[in-house]
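To start, the structure under review is shown below, and the notes come after it.
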Amino acid sequence: MPYLPKQTKGIFKKGHTRGQSLPGTFKPGSFTSLASLALSDSASETSYSTSSYTPSVRPADKDTLTIISLDNVHIEAPYTQVCAASRALADLVAHYPCGWDPERSAVAQPQIHLYHGYEDAGTVRRFLELITTGSLQPAFANTLVELTALVRFLNKYDCVAALAVLFLHIRIWLSEGAISPLVAFVCAAIADNEEACVRAISVADPLTLDPRHMSLEAWYRIPHHYLYALTHATMVPARNGPGNPGMVAKFKGHLRDAKKYYGYPVPSNGVLEKLDSMEQWRG
């Protein structure tokens with residue numbers, strides 16, 4: 001994981017160095033401290049809810065649940081951390097503690113069954129890594145399919161703090177050149193994070209974000225109103241200096257128009273809309 005800004009010093013356990021990924025074991029305060037920083041850092045840009053959720057207390061020897069991924073991999077996960085990170089998953093466990101197997105005993109270890117196309121074992125493991133350590137592997141920064149799958153997962157299950165931490169990582173990766181502006185833009189568009197999109201646009205070269213030059217894999221993942229705004233923004237012939245202010249202004253204006261047309265909040269208020277509703281146009 002690329003190093004974090006100076007204000008994050010002390011969040012991670014002693015001995016962690018730049019460029020070094022964090023261990024997989026949970027250290028109290030690591031994710032929660034980083035989440036607090038990310039949420040406060042994004043407060044001026046988005047209206048993330050910082051309301052906490054306290055799951056029901058379970059005995060220490062039973063503080064696990066099983067997440068069954070789309071590809072039928074059974075992954076043991078910390079019950080408390082998962083339920084605290086996602087109110088949606090906590091509600092799912094509360095209403096269906098045995099998963100979809102009615103023959104399982106209600107006192108058995110809780111199960112969560114996942115079934116959407118991006119909810120594979122890799123996505124689940126990255127989700128768990130993020131909510132327990134606050135870190136992600138450095139090699140993960142520039143993987144469009146895997147990174148957008150994680151964003152969609154966090155969106156769907158209302159993992160507000162985890163999503164804020166993820167975008168803190170993306171912001172750092174972008175400033176260090178560790179992630180393509182295109183990958184950063186697609187992730188931000190999926191999460192309806194307009195300011196993160198603007199950051200990606202401000203550092204992109206002339207062709208990186210031009211829909212006429214991007215792969216179908218990237219083009220397909222961009223929500224329609226963001227794609228509309230980006231298409232018009234890339235028609236600006238002059239960038240008008242550092243930060244691409246001309247392109248940024250065009251993007252913001254056309255995104256506002258598109259959101260009005262499709263009935264989305266204007267200006268973007270950072271509310272993380274469910275991906276399914278954003279993608280209904282694809283049928």
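Residues are referred to by chain and number: the chain letter is A, B, ... according to the order shown in the structure tokens, the number counts from 1 in that chain, and ligands are numbered separately from 1 in the order shown.
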
Quick one: residues within 10 Å of Val93 of chain A, only C-alpha atoms counted, chain neighbours fewer than 2 positions away excluded, as a compact mmCIF listing (two decimals) with C-alpha atoms, in the first residue's frame?
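Dumped to out.txt:
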# COMPACT_ATOMS: atom_id res chain seq x y z
CA LEU A 65 -19.70 -15.95 10.47
CA TYR A 79 -18.88 -11.27 12.92
CA CYS A 83 -21.81 -6.20 11.04
CA ARG A 87 -25.71 -2.28 8.28
CA ALA A 88 -27.13 -4.17 5.29
CA LEU A 89 -25.08 -7.31 6.02
CA ALA A 90 -25.94 -7.00 9.71
CA ASP A 91 -29.64 -6.92 8.87
CA HIS A 95 -33.12 -11.94 9.46
CA TYR A 96 -31.46 -15.00 7.86
CA PRO A 97 -28.87 -16.29 10.37
CA CYS A 98 -28.77 -19.67 8.63
CA GLY A 99 -28.32 -18.26 5.16
CA PRO A 110 -24.32 -17.50 10.87
CA GLN A 111 -23.99 -17.60 7.10
CA ILE A 112 -24.26 -15.00 4.36
CA HIS A 113 -24.86 -16.23 0.81

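A straight line drawn from atom CA of Ser135 of chain A to atom CA of Asn155 of chain A is 18.2 Å long.
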
Quick one: everything within 9 Å of segment 220-222 of chain A, counting only C-alpha atoms, minus sequence neighbours fewer than 4 positions away in the same chain. Send it as a PyMOL selection string. chain A and resi 148+185-187+189-190+215-216+226-227

One decimal, in Å: what's the spacing between atom CA of Gln81 of chain A and atom CA of Ala121 of chain A?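 Pair atom CA of Gln81 of chain A / atom CA of Ala121 of chain A returns 17.8 Å.
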
Spatial neighbours of Thr64 of chain A, max dist 7 Å, only C-alpha atoms, sep filter under 4 positions, as a list in words: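 Returned residues: Glu76, Ala77, Pro78, Tyr79 and Gln109 of chain A.
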
Go ahead and compute the interatomic distance for atom CA of Asp120 of chain A and atom CA of Glu176 of chain A, in Å to one decimal.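 Separation between atom CA of Asp120 of chain A and atom CA of Glu176 of chain A: 29.1 Å.
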
For Leu147 of chain A, which of A:Ile172, A:Ala204, A:Ala218, A:Ile67 is the closest residue, counting only C-alpha atoms?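 Once distances to Leu147 of chain A are computed over only C-alpha atoms, the minimum belongs to A:Ala218.
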
Report as CSV: every residue of segment 149-199 of chain A with an atom at most 10 Å from segment 248-256 of chain A, its closest pair of atoms, and their distance in Å to one decimal, counting only C-alpha atoms, with rows sorted by chain and ascending residue number.
residue,atom,partner,partner_atom,distance
A:Glu194,CA,A:Lys252,CA,8.3
A:Glu195,CA,A:Lys252,CA,9.6
A:Cys197,CA,A:Val248,CA,9.2
A:Val198,CA,A:Val248,CA,6.3
A:Arg199,CA,A:Val248,CA,9.0

Who sits within 8 Å of Tyr115 of chain A, only C-alpha atoms, same chain under 4 positions skipped, as a list of chain:residue names: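 Here the answer would be A:Ser69, A:Leu70, A:Glu119.
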
Could you save the residues just selected, with N, CA and C atoms, as an mmCIF file, in the first residue's frame?
data_model
loop_
_atom_site.group_PDB
_atom_site.id
_atom_site.type_symbol
_atom_site.label_atom_id
_atom_site.label_comp_id
_atom_site.auth_asym_id
_atom_site.auth_seq_id
_atom_site.Cartn_x
_atom_site.Cartn_y
_atom_site.Cartn_z
ATOM 1 N N SER A 69 -19.286 -17.080 -1.065
ATOM 2 C CA SER A 69 -19.188 -16.219 -2.240
ATOM 3 C C SER A 69 -19.922 -16.810 -3.435
ATOM 4 N N LEU A 70 -20.010 -16.021 -4.489
ATOM 5 C CA LEU A 70 -20.677 -16.464 -5.711
ATOM 6 C C LEU A 70 -20.074 -17.753 -6.240
ATOM 7 N N GLU A 119 -19.584 -10.667 -6.723
ATOM 8 C CA GLU A 119 -19.407 -11.040 -5.318
ATOM 9 C C GLU A 119 -18.647 -12.361 -5.193
#
